[in-house]
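Source file: upload-v3.txt. Holds: compact mmCIF, C-alpha atoms and all ligand atoms.
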# COMPACT_ATOMS: atom_id res chain seq x y z
CA MET A 40 1.07 24.00 -21.67
CA ALA A 41 3.93 23.26 -19.27
CA ILE A 42 4.54 19.59 -18.45
CA PRO A 43 3.97 19.01 -14.71
CA PRO A 44 7.19 18.08 -12.91
CA PHE A 45 8.06 14.54 -11.82
CA ILE A 46 7.73 14.61 -8.04
CA ILE A 47 9.35 12.59 -5.27
CA ILE A 48 7.58 12.12 -1.95
CA ALA A 49 9.39 10.57 1.03
CA ILE A 50 7.39 9.13 3.93
CA ASP A 51 9.33 7.91 6.94
CA GLY A 52 8.25 6.76 10.36
CA GLY A 53 8.40 4.00 12.92
CA ALA A 54 6.75 0.59 12.75
CA ALA A 55 3.00 0.64 12.05
CA SER A 56 2.91 4.43 11.86
CA GLY A 57 0.64 4.46 8.78
CA LYS A 58 3.31 4.83 6.10
CA SER A 59 2.03 2.07 3.82
CA SER A 60 -1.64 2.99 4.02
CA SER A 61 -1.07 6.68 3.39
CA SER A 62 1.48 6.19 0.63
CA LYS A 63 -0.74 3.72 -1.26
CA ILE A 64 -3.65 6.17 -1.19
CA LEU A 65 -1.42 9.00 -2.42
CA ALA A 66 -0.07 6.76 -5.19
CA ASP A 67 -3.61 6.03 -6.40
CA ARG A 68 -4.76 9.61 -6.11
CA PHE A 69 -1.84 11.22 -7.93
CA ASN A 70 -0.71 8.36 -10.20
CA LEU A 71 2.61 7.81 -8.44
CA LEU A 72 4.77 4.70 -8.21
CA HIS A 73 4.48 3.34 -4.66
CA VAL A 74 7.75 2.01 -3.25
CA ASP A 75 7.72 0.22 0.11
CA THR A 76 11.40 -0.03 1.04
CA GLY A 77 10.53 -1.94 4.22
CA SER A 78 9.41 -4.79 1.96
CA PHE A 79 12.90 -4.71 0.35
CA TYR A 80 14.63 -5.08 3.72
CA ARG A 81 12.16 -7.82 4.61
CA HIS A 82 12.78 -9.67 1.34
CA ILE A 83 16.57 -9.52 1.77
CA THR A 84 16.23 -10.70 5.37
CA TYR A 85 14.06 -13.63 4.32
CA GLU A 86 16.53 -14.57 1.58
CA LEU A 87 19.57 -14.38 3.91
CA LEU A 88 17.80 -16.43 6.58
CA ARG A 89 16.83 -18.97 3.91
CA ARG A 90 20.50 -19.23 2.91
CA GLY A 91 21.51 -19.61 6.54
CA VAL A 92 23.61 -16.41 6.51
CA SER A 93 23.75 -14.83 9.95
CA HIS A 94 23.86 -11.07 10.39
CA THR A 95 26.86 -11.58 12.66
CA ASP A 96 28.91 -13.34 9.97
CA LEU A 97 30.12 -10.38 7.91
CA PRO A 98 32.34 -12.25 5.38
CA ASN A 99 29.56 -14.66 4.43
CA LEU A 100 27.01 -11.86 4.49
CA LYS A 101 29.08 -9.78 2.05
CA ALA A 102 29.51 -12.76 -0.28
CA ALA A 103 25.77 -13.47 -0.20
CA LEU A 104 24.87 -9.83 -0.85
CA ALA A 105 27.17 -9.72 -3.87
CA ASP A 106 25.26 -12.68 -5.26
CA LEU A 107 21.79 -11.07 -5.07
CA LYS A 108 20.32 -9.74 -8.32
CA PHE A 109 17.51 -7.24 -7.94
CA THR A 110 14.89 -6.43 -10.54
CA THR A 111 11.51 -4.73 -10.33
CA ARG A 112 8.04 -5.88 -11.32
CA LEU A 113 4.94 -3.73 -11.03
CA ASN A 114 2.06 -4.93 -8.91
CA GLY A 115 -0.60 -2.34 -9.73
CA ARG A 116 1.08 0.93 -8.74
CA SER A 117 3.54 -0.74 -6.36
CA ALA A 118 7.13 -1.65 -7.16
CA GLN A 119 7.81 -5.27 -6.25
CA MET A 120 11.46 -6.18 -5.75
CA LEU A 121 12.46 -9.54 -7.21
CA ILE A 122 15.59 -11.32 -6.01
CA GLY A 123 17.00 -13.63 -8.66
CA GLY A 124 13.70 -13.17 -10.52
CA GLU A 125 11.64 -14.32 -7.52
CA PRO A 126 9.00 -12.20 -5.75
CA ALA A 127 8.95 -12.07 -1.96
CA SER A 128 7.17 -14.82 -0.08
CA SER A 129 4.21 -13.84 2.13
CA GLU A 130 6.45 -14.93 5.01
CA ILE A 131 8.28 -11.59 4.84
CA ARG A 132 5.46 -10.34 7.09
CA GLY A 133 5.80 -13.27 9.51
CA GLN A 134 7.29 -13.38 12.96
CA ASN A 135 10.69 -14.75 11.94
CA VAL A 136 11.37 -11.83 9.59
CA ASN A 137 9.87 -9.35 12.10
CA ASP A 138 12.34 -10.64 14.67
CA HIS A 139 15.40 -10.43 12.41
CA VAL A 140 14.90 -7.60 9.91
CA SER A 141 16.19 -4.75 12.09
CA HIS A 142 19.41 -6.67 12.77
CA TYR A 143 20.16 -7.07 9.06
CA ALA A 144 18.98 -3.52 8.28
CA ALA A 145 21.51 -2.14 10.78
CA ILE A 146 24.44 -3.46 8.73
CA PRO A 147 25.95 -0.78 6.44
CA GLU A 148 26.71 -3.34 3.70
CA VAL A 149 23.06 -4.38 3.58
CA ARG A 150 21.94 -0.74 3.33
CA HIS A 151 24.57 0.00 0.70
CA THR A 152 23.39 -2.95 -1.39
CA LEU A 153 19.91 -1.41 -1.59
CA LEU A 154 20.91 2.23 -2.07
CA GLY A 155 21.27 2.34 -5.87
CA TYR A 156 18.34 0.00 -6.37
CA GLN A 157 16.07 2.29 -4.34
CA ARG A 158 17.18 5.43 -6.19
CA GLY A 159 16.74 3.56 -9.47
CA GLN A 160 12.99 3.39 -8.83
CA VAL A 161 12.80 6.92 -10.27
CA ASP A 162 13.70 5.45 -13.69
CA VAL A 163 11.16 2.66 -13.24
CA ALA A 164 8.48 5.25 -12.45
CA LYS A 165 9.41 7.37 -15.46
CA GLN A 166 9.52 4.37 -17.82
CA HIS A 167 5.99 3.44 -16.79
CA GLY A 168 4.58 6.94 -17.16
CA PHE A 169 4.00 7.73 -13.47
CA ARG A 170 3.89 11.39 -12.44
CA GLY A 171 6.30 10.72 -9.61
CA LEU A 172 6.97 8.30 -6.83
CA VAL A 173 6.10 7.97 -3.19
CA MET A 174 8.69 6.01 -1.25
CA GLU A 175 8.20 4.89 2.35
CA GLY A 176 10.77 3.72 4.85
CA ARG A 177 13.06 4.89 7.63
CA ASP A 178 15.76 6.89 5.82
CA ILE A 179 14.09 8.10 2.63
CA GLY A 180 13.99 11.80 3.52
CA SER A 181 17.36 11.68 5.27
CA VAL A 182 19.54 9.48 3.02
CA ILE A 183 17.85 8.15 -0.12
CA PHE A 184 16.15 11.35 -1.33
CA PRO A 185 17.17 14.22 0.96
CA ALA A 186 16.13 16.67 -1.79
CA ALA A 187 12.68 15.09 -2.28
CA ASP A 188 9.87 17.51 -3.14
CA PHE A 189 8.03 16.47 0.01
CA ARG A 190 9.42 14.75 3.08
CA PHE A 191 6.91 13.57 5.65
CA PHE A 192 7.62 11.94 8.97
CA LEU A 193 4.78 10.04 10.65
CA HIS A 194 4.61 9.83 14.40
CA ALA A 195 2.11 7.95 16.51
CA ASP A 196 2.00 6.91 20.11
CA PRO A 197 3.65 3.44 20.49
CA ALA A 198 0.57 1.99 22.25
CA GLU A 199 -1.68 3.15 19.40
CA ARG A 200 0.71 1.67 16.82
CA ALA A 201 0.86 -1.63 18.69
CA LYS A 202 -2.96 -1.69 18.60
CA ARG A 203 -2.98 -1.06 14.84
CA ARG A 204 -0.45 -3.83 14.19
CA ALA A 205 -2.36 -6.28 16.43
CA LYS A 206 -5.51 -5.55 14.41
CA GLU A 207 -3.64 -6.60 11.25
CA GLY A 208 -2.86 -9.89 13.01
CA GLY A 209 0.52 -11.54 13.51
CA GLN A 210 3.30 -11.21 16.04
CA ASP A 211 5.40 -8.06 15.89
CA SER A 212 7.38 -6.39 18.66
CA ILE A 213 7.32 -2.96 17.11
CA ALA A 214 8.82 -1.23 20.15
CA GLU A 215 11.92 -3.40 19.89
CA ARG A 216 12.25 -2.78 16.14
CA ASP A 217 11.89 0.97 16.72
CA ARG A 218 14.56 0.82 19.40
CA LEU A 219 16.99 -1.01 17.10
CA ASP A 220 16.13 1.16 14.06
CA SER A 221 16.56 4.43 16.00
CA SER A 222 19.77 3.49 17.77
CA ARG A 223 21.76 2.01 14.87
CA LYS A 224 24.72 3.97 13.47
CA ALA A 225 23.88 3.49 9.77
CA SER A 226 20.96 5.65 8.62
CA PRO A 227 18.99 5.59 11.88
CA LEU A 228 15.27 6.22 12.00
CA THR A 229 14.99 9.92 12.69
CA CYS A 230 12.88 12.85 11.60
CA PRO A 231 15.27 14.82 9.37
CA ALA A 232 15.49 18.60 9.73
CA GLY A 233 12.96 20.27 7.47
CA ALA A 234 10.66 17.23 7.15
CA ILE A 235 6.93 17.72 7.78
CA ASP A 236 6.10 15.99 11.01
CA ILE A 237 2.59 14.53 11.31
CA ASP A 238 1.35 12.98 14.54
CA SER A 239 -1.37 10.49 13.64
CA THR A 240 -2.17 9.30 17.17
CA PHE A 241 -5.48 11.16 17.38
CA ILE A 242 -6.35 11.67 13.73
CA SER A 243 -7.69 9.23 11.17
CA LEU A 244 -5.82 7.86 8.16
CA ASP A 245 -8.06 10.03 5.94
CA GLN A 246 -7.02 13.13 7.85
CA VAL A 247 -3.34 12.23 7.52
CA VAL A 248 -3.75 11.76 3.78
CA GLU A 249 -5.68 15.03 3.39
CA LYS A 250 -2.90 16.96 5.15
CA MET A 251 -0.35 15.49 2.75
CA ALA A 252 -2.53 15.80 -0.36
CA ALA A 253 -3.27 19.47 0.35
CA LEU A 254 0.44 20.20 0.05
CA ILE A 255 1.11 17.92 -2.93
CA ALA A 256 -1.85 18.75 -5.19
CA PRO A 257 -0.79 22.33 -6.09
CA LYS A 258 2.60 21.07 -7.26
CA LEU A 259 0.98 18.70 -9.76
CA LYS A 260 -1.37 21.27 -11.35
O1 LIG B 301 5.71 -1.64 8.07
P1 LIG B 301 6.57 -1.76 9.27
O2 LIG B 301 6.57 -0.52 10.03
O3 LIG B 301 6.30 -2.96 10.07
O4 LIG B 301 8.07 -1.95 8.84
P2 LIG B 301 8.67 -1.97 7.40
O5 LIG B 301 8.52 -0.63 6.78
O6 LIG B 301 8.14 -3.14 6.67
O7 LIG B 301 10.24 -2.15 7.70
C1 LIG B 301 10.74 -3.34 8.27
C2 LIG B 301 12.12 -3.06 8.82
O8 LIG B 301 12.99 -2.75 7.72
C3 LIG B 301 12.26 -1.87 9.74
O9 LIG B 301 11.97 -2.21 11.10
C4 LIG B 301 13.72 -1.48 9.55
O10 LIG B 301 14.58 -2.28 10.33
C5 LIG B 301 13.97 -1.82 8.09
N1 LIG B 301 13.92 -0.65 7.20
C6 LIG B 301 15.01 0.19 7.18
O11 LIG B 301 15.96 -0.01 7.93
N2 LIG B 301 15.06 1.22 6.29
C7 LIG B 301 14.04 1.47 5.48
N3 LIG B 301 14.11 2.47 4.60
C8 LIG B 301 12.89 0.65 5.52
C9 LIG B 301 12.86 -0.40 6.42

Could I get this file's structure written as structure tokens?
Amino acid sequence: MAIPPFIIIAIDGGAASGKSSSSKILADRFNLLHVDTGSFYRHITYELLRRGVSHTDLPNLKAALADLKFTTRLNGRSAQMLIGGEPASSEIRGQNVNDHVSHYAAIPEVRHTLLGYQRGQVDVAKQHGFRGLVMEGRDIGSVIFPAADFRFFLHADPAERAKRRAKEGGQDSIAERDRLDSSRKASPLTCPAGAIDIDSTFISLDQVVEKMAALIAPKLK
């Protein structure tokens, strides 16, 4: 019997577009490593803020980035990024990080620091016997894995997304983050040519997942 291939699924989209929920369900259903790259940018942002390194101070920022050591720990099927052996604080979802993350994420040196680490999650997934990985973010299908087996891009009306985020609680100006993420020069948030565009404004999370799963399942047979 042929061994099923290791598959890579990229899910990109704006803030609160349903990337995390859909990718976690796919990870459980198909035994994939779930990689939330937004949590990596959030963790770095938290760490740089904690060290008092401003995103406008490039020399200090570069020195701080060179000092960060990244490793991975599994939390169920999700890859948790550790910095200097430490997991992210729950504050990476708080208002301060929400307000700053897009500014740090716009800096090419910050993105470059995470590039190899993100691609290295393929080895982590293989070492732990996963059948593939599902990675969510803003530039996964465009920059990190442009040759991924599946590249999805999730759209949803900004008002609907703001409602979803408010339901989760917390303060988050998602429209402002989308504006910054889409207009930056380095790896902007964009639906890459050839990606499968799904508008989730009027369909449920289950329906989004079923659309994706219907395409993925045959590849894993
Ligand atoms: O889940 P949510 O939509 O709130 O955002 P996230 O995925 O946690 O990402 C937080 C921020 O990280 C984004 O607003 C981007 O500025 C940045 N990010 C990025 O630039 N590239 C990625 N691949 C993932 C996140």

Can you tell me which residues sit at most 8 Å away from ligand LIG 301 (chain B), counting all atoms listed in the file, written as a ChimeraX atom specification?
/A:51-59,75-81,132,137,140-145,150,175-179,204,211,213,216-217,219-220,226-228

Would you kindly return, as a tab-separated table (two decimals) with C-alpha atoms, keeping the file's coordinate frame, each protein, DNA or RNA residue with an atom no farther than 8 Å from any atom of A:Val173, considering only C-alpha atoms and excluding same-chain residues fewer than 4 positions away?
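This is the output file selection-v9.tsv:
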chain	number	residue	atom	x	y	z
A	47	ILE	CA	9.35	12.59	-5.27
A	48	ILE	CA	7.58	12.12	-1.95
A	49	ALA	CA	9.39	10.57	1.03
A	50	ILE	CA	7.39	9.13	3.93
A	62	SER	CA	1.48	6.19	0.63
A	65	LEU	CA	-1.42	9.00	-2.42
A	66	ALA	CA	-0.07	6.76	-5.19
A	71	LEU	CA	2.61	7.81	-8.44
A	72	LEU	CA	4.77	4.70	-8.21
A	73	HIS	CA	4.48	3.34	-4.66
A	74	VAL	CA	7.75	2.01	-3.25

When you count all atoms listed in the file, which of these residues is closest to A:Asp138: A:Met120, A:Ile255, A:Leu100, A:Leu88?
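Between A:Met120, A:Ile255, A:Leu100, A:Leu88, the residue approaching A:Asp138 most closely is A:Leu88.
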
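Proximity to A:His194 was assessed for A:Leu107, A:Ser93, A:Ile235, A:Ile83 counting all atoms listed in the file; the smallest distance is recorded for A:Ile235.
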
Using all atoms listed in the file, pick whichever of A:Asn114, A:Gln210, A:Glu148, A:His82 has the shortest atom-to-atom distance to A:Pro98.
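Going through A:Asn114, A:Gln210, A:Glu148, A:His82 one by one, the smallest distance to A:Pro98 is for A:Glu148.
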
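Here atom CA of A:Thr240 stands at a distance of 29.3 Å from atom CA of A:Gln119.
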
Atom pair atom CA of A:Ala234 + atom CA of A:Phe189, distance 7.6 Å

Would you fill out stretch 203-219 of chain A with N, CA and C atoms and return it as a short mmCIF file (atom, residue, chain, number, x, y, z; two decimals), keeping the file's coordinate frame?
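Contents of the output file selection24.cif:
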data_model
loop_
_atom_site.label_atom_id
_atom_site.label_comp_id
_atom_site.auth_asym_id
_atom_site.auth_seq_id
_atom_site.Cartn_x
_atom_site.Cartn_y
_atom_site.Cartn_z
N ARG A 203 -2.75 -0.96 16.30
CA ARG A 203 -2.98 -1.06 14.84
C ARG A 203 -2.36 -2.34 14.28
N ARG A 204 -1.13 -2.63 14.72
CA ARG A 204 -0.45 -3.83 14.19
C ARG A 204 -1.17 -5.09 14.65
N ALA A 205 -1.65 -5.10 15.92
CA ALA A 205 -2.36 -6.28 16.43
C ALA A 205 -3.63 -6.52 15.63
N LYS A 206 -4.29 -5.44 15.21
CA LYS A 206 -5.51 -5.55 14.41
C LYS A 206 -5.23 -6.22 13.07
N GLU A 207 -4.01 -5.98 12.53
CA GLU A 207 -3.64 -6.60 11.25
C GLU A 207 -3.31 -8.08 11.44
N GLY A 208 -3.18 -8.49 12.71
CA GLY A 208 -2.86 -9.89 13.01
C GLY A 208 -1.35 -10.09 13.03
N GLY A 209 -0.92 -11.22 13.53
CA GLY A 209 0.52 -11.54 13.51
C GLY A 209 1.25 -11.02 14.73
N GLN A 210 2.45 -11.52 14.89
CA GLN A 210 3.30 -11.21 16.04
C GLN A 210 4.35 -10.19 15.61
N ASP A 211 4.43 -9.07 16.28
CA ASP A 211 5.40 -8.06 15.89
C ASP A 211 5.74 -7.19 17.09
N SER A 212 7.00 -7.25 17.52
CA SER A 212 7.38 -6.39 18.66
C SER A 212 7.89 -5.07 18.10
N ILE A 213 6.95 -4.18 17.82
CA ILE A 213 7.32 -2.96 17.11
C ILE A 213 8.19 -2.04 17.96
N ALA A 214 8.00 -2.09 19.29
CA ALA A 214 8.82 -1.23 20.15
C ALA A 214 10.29 -1.63 20.05
N GLU A 215 10.54 -2.93 19.99
CA GLU A 215 11.92 -3.40 19.89
C GLU A 215 12.52 -3.03 18.52
N ARG A 216 11.73 -3.16 17.46
CA ARG A 216 12.25 -2.78 16.14
C ARG A 216 12.54 -1.28 16.10
N ASP A 217 11.64 -0.49 16.68
CA ASP A 217 11.89 0.97 16.72
C ASP A 217 13.16 1.28 17.49
N ARG A 218 13.37 0.56 18.59
CA ARG A 218 14.56 0.82 19.40
C ARG A 218 15.82 0.53 18.57
N LEU A 219 15.82 -0.64 17.91
CA LEU A 219 16.99 -1.01 17.10
C LEU A 219 17.15 -0.04 15.92
#
